[in-house]
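Below: input.cif (mmCIF, C-alpha atoms)
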data_data
#
loop_
_atom_site.label_atom_id
_atom_site.label_comp_id
_atom_site.auth_asym_id
_atom_site.auth_seq_id
_atom_site.Cartn_x
_atom_site.Cartn_y
_atom_site.Cartn_z
CA MET A 1 133.08 67.04 111.57
CA ARG A 2 131.98 66.76 107.97
CA ILE A 3 128.58 68.10 108.99
CA ALA A 4 130.20 71.17 110.56
CA VAL A 5 132.18 71.77 107.37
CA ARG A 6 128.98 71.60 105.35
CA TRP A 7 127.30 74.17 107.60
CA VAL A 8 130.31 76.48 107.24
CA ALA A 9 130.16 76.09 103.47
CA LEU A 10 126.43 76.88 103.52
CA ALA A 11 127.09 79.97 105.63
CA ALA A 12 129.74 81.19 103.20
CA ALA A 13 127.53 80.53 100.18
CA THR A 14 124.59 82.27 101.85
CA THR A 15 126.72 85.33 102.64
CA ALA A 16 127.90 85.62 99.04
CA ALA A 17 124.40 85.07 97.68
CA THR A 18 122.95 87.67 100.06
CA VAL A 19 125.37 90.28 98.75
CA ALA A 20 124.44 89.38 95.17
CA VAL A 21 120.68 89.44 95.81
CA GLY A 22 120.99 92.71 97.75
CA ALA A 23 122.78 94.26 94.78
CA LEU A 24 119.71 93.45 92.68
CA GLY A 25 117.57 95.50 95.06
CA LEU A 26 115.27 92.64 96.09
CA PRO A 27 113.61 92.79 99.54
CA SER A 28 114.76 90.51 102.39
CA PRO A 29 117.91 89.51 100.48
CA ALA A 30 119.24 87.31 103.30
CA LEU A 31 116.09 85.18 103.44
CA PHE A 32 115.71 85.00 99.66
CA ALA A 33 119.38 84.12 99.13
CA ALA A 34 119.42 81.52 101.91
CA LEU A 35 116.29 79.94 100.47
CA LEU A 36 118.04 79.54 97.12
CA VAL A 37 121.24 78.21 98.71
CA GLY A 38 119.31 75.73 100.82
CA LEU A 39 117.32 74.60 97.79
CA VAL A 40 120.47 74.00 95.72
CA TYR A 41 122.08 72.06 98.56
CA ALA A 42 118.95 69.98 99.17
CA LEU A 43 118.88 68.93 95.52
CA THR A 44 122.61 68.29 95.13
CA GLY A 45 124.25 67.89 98.56
CA GLY A 46 123.38 64.27 99.27
CA VAL A 47 123.70 64.52 103.08
CA PRO A 48 120.49 65.94 104.68
CA LEU A 49 120.96 68.91 106.97
CA ALA A 50 118.47 70.51 109.38
CA PRO A 51 118.98 73.21 112.02
CA ALA A 52 118.33 72.39 115.68
CA GLU A 53 114.85 73.09 117.05
CA TRP A 54 116.05 75.96 119.26
CA VAL A 55 117.66 77.59 116.23
CA VAL A 56 114.39 77.29 114.32
CA SER A 57 112.25 78.84 117.05
CA GLY A 58 114.82 81.53 117.84
CA SER A 59 115.18 82.60 114.21
CA GLN A 60 111.41 82.66 113.73
CA ALA A 61 111.03 84.80 116.85
CA MET A 62 113.71 87.24 115.65
CA VAL A 63 111.93 87.58 112.31
CA GLY A 64 108.85 88.57 114.28
CA VAL A 65 110.85 91.09 116.32
CA ALA A 66 112.34 92.59 113.15
CA MET A 67 108.86 93.04 111.71
CA GLY A 68 107.48 94.53 114.92
CA ALA A 69 110.44 96.88 115.26
CA SER A 70 109.45 98.62 112.03
CA PHE A 71 106.15 99.73 113.57
CA GLU A 72 105.88 103.46 114.24
CA ALA A 73 102.79 104.92 115.86
CA SER A 74 103.43 108.24 114.16
CA SER A 75 102.92 106.75 110.71
CA LEU A 76 99.46 105.50 111.69
CA THR A 77 98.36 108.63 113.57
CA GLY A 78 99.28 110.56 110.43
CA LEU A 79 96.31 109.00 108.67
CA GLY A 80 94.03 111.45 110.45
CA GLY A 81 90.44 111.27 109.20
CA ARG A 82 91.30 108.85 106.38
CA TRP A 83 91.06 105.77 108.60
CA ALA A 84 87.73 104.56 107.21
CA GLY A 85 88.98 104.31 103.64
CA VAL A 86 92.25 102.71 104.71
CA ALA A 87 90.46 100.13 106.88
CA VAL A 88 88.11 99.19 104.04
CA VAL A 89 91.01 98.74 101.63
CA VAL A 90 93.20 96.76 104.03
CA LEU A 91 90.36 94.40 104.91
CA GLY A 92 89.44 94.19 101.24
CA THR A 93 93.00 93.18 100.38
CA LEU A 94 92.87 90.49 103.05
CA GLY A 95 89.58 89.20 101.67
CA VAL A 96 90.88 89.16 98.09
CA SER A 97 94.02 87.30 99.19
CA LEU A 98 92.00 84.61 100.95
CA LEU A 99 89.63 84.28 97.99
CA ALA A 100 92.60 83.87 95.63
CA GLY A 101 94.00 81.16 97.91
CA LEU A 102 90.69 79.29 98.00
CA VAL A 103 90.40 79.46 94.20
CA LEU A 104 93.99 78.28 93.75
CA SER A 105 93.35 75.36 96.09
CA ALA A 106 90.18 74.39 94.24
CA VAL A 107 91.74 74.67 90.77
CA THR A 108 95.08 72.97 91.46
CA GLY A 109 94.23 70.57 94.30
CA LEU A 110 96.84 72.22 96.51
CA ASP A 111 96.00 71.91 100.20
CA ARG A 112 94.22 74.94 101.66
CA PRO A 113 96.77 76.04 104.30
CA THR A 114 99.54 76.19 101.69
CA ALA A 115 97.38 77.95 99.09
CA LEU A 116 96.00 80.48 101.59
CA LEU A 117 99.35 81.36 103.16
CA GLY A 118 101.08 81.40 99.79
CA LEU A 119 98.85 84.20 98.55
CA VAL A 120 98.50 86.31 101.71
CA ALA A 121 99.45 89.78 100.46
CA GLY A 122 101.98 90.90 103.03
CA GLY A 123 104.79 89.95 105.38
CA ALA A 124 106.40 87.25 103.25
CA SER A 125 109.14 86.46 105.76
CA GLY A 126 106.68 86.22 108.66
CA ILE A 127 104.21 84.11 106.68
CA VAL A 128 106.94 81.67 105.65
CA SER A 129 108.14 81.46 109.26
CA MET A 130 104.72 80.44 110.57
CA SER A 131 103.89 77.96 107.80
CA ASP A 132 105.00 74.81 109.61
CA GLU A 133 102.93 75.56 112.67
CA LEU A 134 99.85 76.05 110.50
CA ARG A 135 100.48 72.70 108.76
CA ALA A 136 101.28 74.28 105.41
CA ASP A 137 104.15 73.32 103.13
CA ALA A 138 106.70 76.05 103.88
CA ARG A 139 108.58 75.25 100.67
CA LEU A 140 105.61 76.03 98.44
CA VAL A 141 104.52 78.95 100.63
CA ALA A 142 107.98 80.49 100.17
CA PHE A 143 107.84 79.85 96.43
CA MET A 144 104.49 81.62 96.09
CA GLN A 145 105.25 84.46 98.50
CA TYR A 146 108.50 85.40 96.80
CA ALA A 147 106.98 85.03 93.35
CA ARG A 148 104.37 87.56 94.48
CA VAL A 149 106.98 89.93 95.90
CA LEU A 150 109.15 89.68 92.78
CA VAL A 151 106.23 90.36 90.41
CA VAL A 152 105.03 93.37 92.45
CA VAL A 153 108.56 94.76 92.73
CA LEU A 154 108.97 94.55 88.96
CA VAL A 155 105.48 95.74 88.00
CA ALA A 156 104.67 98.60 90.42
CA PRO A 157 107.39 101.08 89.36
CA VAL A 158 106.70 100.39 85.67
CA ILE A 159 102.95 100.96 86.03
CA VAL A 160 103.49 104.19 87.98
CA ALA A 161 106.08 105.50 85.52
CA LEU A 162 104.23 104.57 82.32
CA PHE A 163 100.57 104.97 83.19
CA LEU A 164 100.12 107.04 86.35
CA GLY A 165 102.61 109.83 85.75
CA GLY A 166 103.48 110.21 89.42
CA GLY A 167 104.27 113.55 90.97
CA ASP A 168 107.03 115.43 92.69
CA GLY A 169 108.06 112.93 95.31
CA ARG A 170 109.31 114.17 98.63
CA ALA A 171 112.54 112.40 99.13
CA GLY A 172 113.67 111.27 102.48
CA GLY A 173 112.03 111.61 105.82
CA ALA A 174 112.91 111.44 109.44
CA SER A 175 115.60 108.91 110.04
CA ALA A 176 115.63 106.74 113.09
CA GLY A 177 118.02 107.67 115.83
CA ASP A 178 120.94 105.48 116.86
CA ALA A 179 120.65 104.02 120.34
CA GLY A 180 123.96 102.19 120.09
CA LEU A 181 124.79 98.53 119.58
CA ALA A 182 124.31 97.54 123.22
CA ALA A 183 120.80 99.02 123.35
CA ASP A 184 119.94 97.48 119.98
CA LEU A 185 121.09 94.04 121.11
CA GLY A 186 119.25 94.39 124.40
CA TYR A 187 116.04 95.37 122.62
CA ALA A 188 116.27 92.51 120.11
CA ALA A 189 117.16 89.89 122.70
CA GLY A 190 114.62 91.12 125.25
CA ALA A 191 111.72 91.26 122.78
CA CYS A 192 112.70 87.86 121.40
CA ALA A 193 112.91 86.24 124.84
CA ALA A 194 109.69 87.85 126.06
CA GLY A 195 107.84 86.81 122.92
CA LEU A 196 109.02 83.20 123.16
CA ALA A 197 108.07 83.09 126.85
CA LEU A 198 104.59 84.34 125.98
CA ALA A 199 104.36 81.76 123.20
CA ARG A 200 104.83 79.03 125.80
CA LEU A 201 102.04 80.47 127.95
CA VAL A 202 99.54 81.65 125.30
CA PRO A 203 98.51 78.99 122.77
CA VAL A 204 97.93 81.17 119.71
CA PRO A 205 98.56 80.06 116.12
CA ALA A 206 102.11 80.85 114.97
CA GLY A 207 102.90 82.29 118.40
CA THR A 208 106.66 82.03 117.96
CA VAL A 209 106.41 84.67 115.23
CA LEU A 210 103.37 86.72 116.23
CA LEU A 211 104.01 87.23 119.95
CA PRO A 212 107.62 88.47 119.55
CA MET A 213 106.32 90.75 116.79
CA ILE A 214 103.63 92.15 119.09
CA VAL A 215 106.12 92.67 121.93
CA ALA A 216 108.53 94.50 119.61
CA ALA A 217 105.73 96.59 118.07
CA VAL A 218 104.47 97.65 121.50
CA LEU A 219 107.96 98.63 122.63
CA SER A 220 108.60 100.60 119.43
CA GLY A 221 105.14 102.11 119.05
CA THR A 222 104.97 103.35 122.65
CA GLY A 223 108.49 104.74 122.61
CA LEU A 224 109.66 102.42 125.42
CA ALA A 225 112.43 101.13 123.15
CA GLY A 226 113.64 104.65 122.38
CA ASP A 227 115.70 104.59 119.20
CA ALA A 228 116.68 100.95 119.64
CA ALA A 229 116.24 98.65 116.66
CA VAL A 230 117.24 95.15 115.61
CA PRO A 231 120.90 95.26 114.49
CA PRO A 232 121.06 94.63 110.73
CA LEU A 233 123.45 91.69 111.13
CA VAL A 234 121.19 90.01 113.69
CA GLN A 235 118.19 90.50 111.41
CA ASP A 236 120.06 89.12 108.40
CA VAL A 237 121.21 86.04 110.33
CA ALA A 238 117.65 85.34 111.51
CA PHE A 239 116.25 85.77 108.00
CA ALA A 240 119.00 83.56 106.57
CA LEU A 241 118.29 80.79 109.10
CA VAL A 242 114.59 80.84 108.21
CA GLY A 243 115.47 80.74 104.52
CA LEU A 244 117.88 77.85 105.00
CA GLN A 245 115.50 75.75 107.04
CA VAL A 246 112.89 76.09 104.30
CA GLY A 247 115.26 75.64 101.39
CA LEU A 248 116.91 72.56 102.87
CA ARG A 249 113.59 70.71 102.82
CA PHE A 250 113.03 71.00 99.08
CA THR A 251 112.97 67.78 97.09
CA PRO A 252 112.94 67.15 93.33
CA ALA A 253 109.22 66.35 93.65
CA THR A 254 108.58 69.73 95.30
CA VAL A 255 110.46 71.54 92.54
CA ARG A 256 108.47 69.70 89.87
CA LEU A 257 105.24 70.59 91.65
CA ALA A 258 106.26 74.26 91.94
CA ARG A 259 106.99 74.28 88.21
CA ARG A 260 103.54 72.83 87.47
CA LEU A 261 101.90 75.37 89.80
CA LEU A 262 103.72 78.38 88.30
CA PRO A 263 101.09 79.32 85.67
CA ALA A 264 98.25 79.16 88.21
CA VAL A 265 100.31 81.06 90.80
CA LEU A 266 101.20 83.82 88.31
CA ALA A 267 97.56 84.09 87.28
CA SER A 268 96.57 84.40 90.96
CA ILE A 269 99.19 87.10 91.52
CA ALA A 270 97.96 89.00 88.45
CA GLY A 271 94.43 88.79 89.84
CA LEU A 272 95.64 90.12 93.20
CA ILE A 273 97.36 93.07 91.55
CA ALA A 274 94.27 93.86 89.46
CA ALA A 275 91.95 93.60 92.48
CA CYS A 276 94.20 95.87 94.56
CA ALA A 277 94.32 98.37 91.68
CA ALA A 278 90.52 98.39 91.80
CA LEU A 279 90.61 98.91 95.57
CA ALA A 280 92.89 101.89 94.93
CA VAL A 281 90.01 103.56 93.07
CA LEU A 282 87.91 103.19 96.23
CA LEU A 283 90.76 104.50 98.39
CA GLU A 284 91.17 107.52 96.14
CA ALA A 285 87.46 108.30 96.40
CA MET A 286 87.32 107.89 100.20
CA THR A 287 90.52 109.72 101.12
CA GLY A 288 91.11 112.30 98.40
CA VAL A 289 94.68 111.17 97.65
CA THR A 290 95.89 110.88 94.07
CA TYR A 291 95.39 107.57 92.30
CA ALA A 292 99.17 107.13 92.08
CA ASP A 293 99.43 107.30 95.88
CA ALA A 294 96.38 105.07 96.29
CA TYR A 295 97.83 102.49 93.91
CA LEU A 296 101.21 102.46 95.65
CA ALA A 297 99.48 102.17 99.03
CA THR A 298 97.44 99.16 97.96
CA THR A 299 99.96 97.09 96.00
CA PRO A 300 99.93 93.53 97.40
CA GLY A 301 103.52 93.47 98.63
CA GLY A 302 106.95 94.81 97.76
CA LEU A 303 106.91 97.31 100.65
CA TYR A 304 110.45 98.67 100.27
CA ALA A 305 110.33 98.88 96.48
CA VAL A 306 106.95 100.62 96.66
CA LEU A 307 108.24 103.14 99.20
CA ALA A 308 111.30 103.78 97.07
CA THR A 309 109.01 104.44 94.10
CA ALA A 310 106.91 106.84 96.18
CA LEU A 311 109.96 108.70 97.46
CA ASP A 312 111.55 108.93 94.02
CA GLY A 313 108.61 110.77 92.53
CA GLY A 314 106.01 108.04 92.04
CA GLY A 315 103.55 109.80 94.33
CA THR A 316 102.91 113.00 96.22
CA ASP A 317 102.31 111.61 99.72
CA PRO A 318 104.97 109.03 100.74
CA PRO A 319 103.98 109.09 104.46
CA PHE A 320 100.45 108.02 103.51
CA VAL A 321 101.81 105.19 101.36
CA LEU A 322 104.04 104.07 104.24
CA ALA A 323 101.18 104.16 106.77
CA VAL A 324 98.81 102.09 104.65
CA GLN A 325 101.48 99.58 103.67
CA ALA A 326 102.63 99.17 107.29
CA LEU A 327 99.06 98.64 108.47
CA ARG A 328 98.44 96.13 105.68
CA LEU A 329 101.53 94.16 106.64
CA LEU A 330 100.61 94.02 110.34
CA ILE A 331 96.98 93.05 109.68
CA MET A 332 97.95 90.33 107.21
CA VAL A 333 100.48 88.68 109.51
CA LEU A 334 98.24 88.94 112.57
CA ALA A 335 95.06 87.71 110.86
CA ALA A 336 96.49 84.98 108.65
CA PRO A 337 96.92 82.25 111.31
CA LEU A 338 93.42 82.61 112.71
CA LEU A 339 91.76 82.80 109.30
CA VAL A 340 93.66 79.78 107.99
CA ARG A 341 92.49 77.79 111.02
CA LEU A 342 88.90 78.94 110.42
CA LEU A 343 88.95 78.15 106.70
CA VAL A 344 90.55 74.72 107.02
CA PRO A 345 88.26 72.13 108.64
CA ALA A 346 89.92 69.86 111.18
CA PRO A 347 89.54 66.64 109.13
CA ARG A 348 91.69 68.13 106.36
CA HIS A 349 94.63 68.24 108.74
CA GLY A 350 94.95 64.47 108.61
CA PRO A 351 97.63 62.78 106.52
CA ALA A 352 97.03 62.00 102.89
CA PRO A 353 99.11 60.19 100.30
CA GLU A 354 101.63 61.88 98.08
CA PRO A 355 101.72 63.45 95.57
CA GLU A 356 98.24 64.90 95.90
CA ARG A 357 98.82 66.11 99.47
CA VAL A 358 102.01 68.10 99.56
CA GLY A 359 101.21 70.51 102.34
CA GLN A 360 102.76 68.31 105.00
CA LEU A 361 106.49 68.45 105.46
CA PRO A 362 108.30 65.16 106.01
#

Is it possible to give me this structure as C-alpha cells?
Amino acid sequence: MRIAVRWVALAAATTAATVAVGALGLPSPALFAALLVGLVYALTGGVPLAPAEWVVSGSQAMVGVAMGASFEASSLTGLGGRWAGVAVVVLGTLGVSLLAGLVLSAVTGLDRPTALLGLVAGGASGIVSMSDELRADARLVAFMQYARVLVVVLVAPVIVALFLGGGDGRAGGASAGDAGLAADLGYAAGACAAGLALARLVPVPAGTVLLPMIVAAVLSGTGLAGDAAVPPLVQDVAFALVGLQVGLRFTPATVRLARRLLPAVLASIAGLIAACAALAVLLEAMTGVTYADAYLATTPGGLYAVLATALDGGGTDPPFVLAVQALRLLIMVLAAPLLVRLLVPAPRHGPAPEPERVGQLP
C-alpha cells in the first residue's frame, strides 16, 4: 500500500512540475518534468520504484506514435526542387552528431552508445526511449539530450534576433482538423498496438519506439488516419512515464558523473551548433533561401522553439523550416539505432567495472 501511495505522490508531483515547466515554454514538458521528479525521488526517496515492463514498453511505443503522428506529407512535398540541398544538410547534421559523440567518448572515456545517443541532434524523447535497448545509459543520454535542447532553445532566438535580422514572419498556418476523441484514441491505440506487434515479429534495434512511429507516420502521411491525432493527455502520460522510468534510475554517482561531464557536453553542443550554422551556409547556397531560414532549419534541436521563432518573424519561409526540421527529426531517430550498432563493436557490449563503464543500467 505504501508503494501505491508513493506512486500517487509521484504522479501529483509530476503533474505540478509539468505545468511549471510548460509555463517556461520548454519542449516536451511532461517528459522533462517527470525526469526531474524521478531524479529527486531516486536521490531522496529511499524506497526504489520501477514501473512494470508492460508500462515501459507501452509508454515507449506511445512516444513513437506521438512522433510519427506529427509527420505530414505535405510539408515534405513542399520542398519541391530543394531536396538535394536539404538531403545534404540533414545527412551532414547526422554525420556531425556522430562525430561529436565519438570525440566525446574518446575524450571523457564515456561508453560509445551513451555518447553517440546523447549527442544525436533530434528526437530527444525518442532517443531517450530507445537508450536501454541499445545498451546506453538512459540517465546520461537524457542529461545530454535535454542539455542540447535547452541550449538550442535559448540560443537560436537570440542569434536570429541579434545577428540575422529575420524578416516578416508569416504567422500561423493550416491547423489540423479535429476528428474527435474517439477517433484520436482509436488512432493512438491502434498504431501503438500494431507497432508493438511488429516489434515482436521484426527484430530491429529500438523496435518498440521505431515501429510504432513508422506505423503512425504512414497512417498520417497517407491520410488514412484523417484528422486523428494522439490526444494531448495520452501523449503527456506516455512522455511522463518515460521520464519517470529514466529519472528513477539516477544515483548519486550518476549525478556526480553528469556534473563532471557538463563542460565536455556543453563544448560538444557548442560545436554542434557551430557546425550546423556552417551547414546553413551550404543550404542557403543550394536552395536560395535566406540565411535566417537556413539557420533555423538546421539548428540541432529545439523544433518547437525554432518554429515559433520562424513564425514570429525570425524568417521568411516557416513551411521550409518546418519541412527540414521534420525530416531531420525522422532521419535522426530512424538512423540512430543502426549507426550506433555499427559504430560499437560487439566486444564493447560486455560488462566492465564501475565507475569507468557507466553505460550499463543496473

The residues within 12 Å of (113.8, 75.9, 115.0), using all atoms listed in the file and the coordinates of the file, should be reported as a short mmCIF file (atom, residue, chain, number, x, y, z; two decimals) with C-alpha atoms, keeping the file's coordinate frame; which are they?
data_model
loop_
_atom_site.label_atom_id
_atom_site.label_comp_id
_atom_site.auth_asym_id
_atom_site.auth_seq_id
_atom_site.Cartn_x
_atom_site.Cartn_y
_atom_site.Cartn_z
CA ALA A 50 118.47 70.51 109.38
CA PRO A 51 118.98 73.21 112.02
CA ALA A 52 118.33 72.39 115.68
CA GLU A 53 114.85 73.09 117.05
CA TRP A 54 116.05 75.96 119.26
CA VAL A 55 117.66 77.59 116.23
CA VAL A 56 114.39 77.29 114.32
CA SER A 57 112.25 78.84 117.05
CA GLY A 58 114.82 81.53 117.84
CA SER A 59 115.18 82.60 114.21
CA GLN A 60 111.41 82.66 113.73
CA ALA A 61 111.03 84.80 116.85
CA MET A 62 113.71 87.24 115.65
CA SER A 129 108.14 81.46 109.26
CA MET A 130 104.72 80.44 110.57
CA ASP A 132 105.00 74.81 109.61
CA GLU A 133 102.93 75.56 112.67
CA LEU A 196 109.02 83.20 123.16
CA THR A 208 106.66 82.03 117.96
CA VAL A 209 106.41 84.67 115.23
CA ALA A 238 117.65 85.34 111.51
CA LEU A 241 118.29 80.79 109.10
CA VAL A 242 114.59 80.84 108.21
CA GLY A 243 115.47 80.74 104.52
CA LEU A 244 117.88 77.85 105.00
CA GLN A 245 115.50 75.75 107.04
CA VAL A 246 112.89 76.09 104.30
#

Picked residues, the PyMOL selection byres ((chain A and resi 34) around 6), as a count of residues only:
12

Write out as a list of chain:residue names which residues come within 10 Å of Cys276 of chain A when counting only C-alpha atoms, dropping same-chain ones fewer than 5 positions away.
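After dropping sequence-adjacent residues, the list is A:Val89, A:Val90, A:Gly92, A:Thr93, A:Val96, A:Ser97, A:Ala121, A:Ala270, A:Gly271, A:Val281, A:Leu282, A:Ala294, A:Tyr295, A:Leu296, A:Ala297, A:Thr298, A:Thr299, A:Pro300.
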
Just give me the residues with any atom within 10 Å of (105.4, 84.8, 100.6), file coordinates, counting all atoms listed in the file, written as a ChimeraX atom specification.
/A:117-129,138,140-150,301

I need the chosen residues saved as a short mmCIF file (atom, residue, chain, number, x, y, z; two decimals), in the frame of the given file, with C-alpha atoms.
data_model
loop_
_atom_site.label_atom_id
_atom_site.label_comp_id
_atom_site.auth_asym_id
_atom_site.auth_seq_id
_atom_site.Cartn_x
_atom_site.Cartn_y
_atom_site.Cartn_z
CA LEU A 117 99.35 81.36 103.16
CA GLY A 118 101.08 81.40 99.79
CA LEU A 119 98.85 84.20 98.55
CA VAL A 120 98.50 86.31 101.71
CA ALA A 121 99.45 89.78 100.46
CA GLY A 122 101.98 90.90 103.03
CA GLY A 123 104.79 89.95 105.38
CA ALA A 124 106.40 87.25 103.25
CA SER A 125 109.14 86.46 105.76
CA GLY A 126 106.68 86.22 108.66
CA ILE A 127 104.21 84.11 106.68
CA VAL A 128 106.94 81.67 105.65
CA SER A 129 108.14 81.46 109.26
CA ALA A 138 106.70 76.05 103.88
CA LEU A 140 105.61 76.03 98.44
CA VAL A 141 104.52 78.95 100.63
CA ALA A 142 107.98 80.49 100.17
CA PHE A 143 107.84 79.85 96.43
CA MET A 144 104.49 81.62 96.09
CA GLN A 145 105.25 84.46 98.50
CA TYR A 146 108.50 85.40 96.80
CA ALA A 147 106.98 85.03 93.35
CA ARG A 148 104.37 87.56 94.48
CA VAL A 149 106.98 89.93 95.90
CA LEU A 150 109.15 89.68 92.78
CA GLY A 301 103.52 93.47 98.63
#

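The gap separating atom CA of Leu261 of chain A from atom CA of Val160 of chain A is 28.9 Å, in Å to one decimal.
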
Nearest to Leu99 of chain A: which of A:Leu201, A:Ala280, A:Ala275, A:Val237 is it, counting all atoms listed in the file?
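Among the listed residues, the smallest separation from Leu99 of chain A belongs to A:Ala275.
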
Phe250 of chain A surroundings by all atoms listed in the file, 7 Å radius, close-in-sequence under 2 positions cut, as a ChimeraX atom specification:
/A:39,42,139,247-248,252,254

Nearest to Thr108 of chain A by atom-to-atom distance, counting only C-alpha atoms, from A:Ser268, A:Thr15, A:Thr290, A:Ser131
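Ranking A:Ser268, A:Thr15, A:Thr290, A:Ser131 by distance to Thr108 of chain A, first place goes to A:Ser268.
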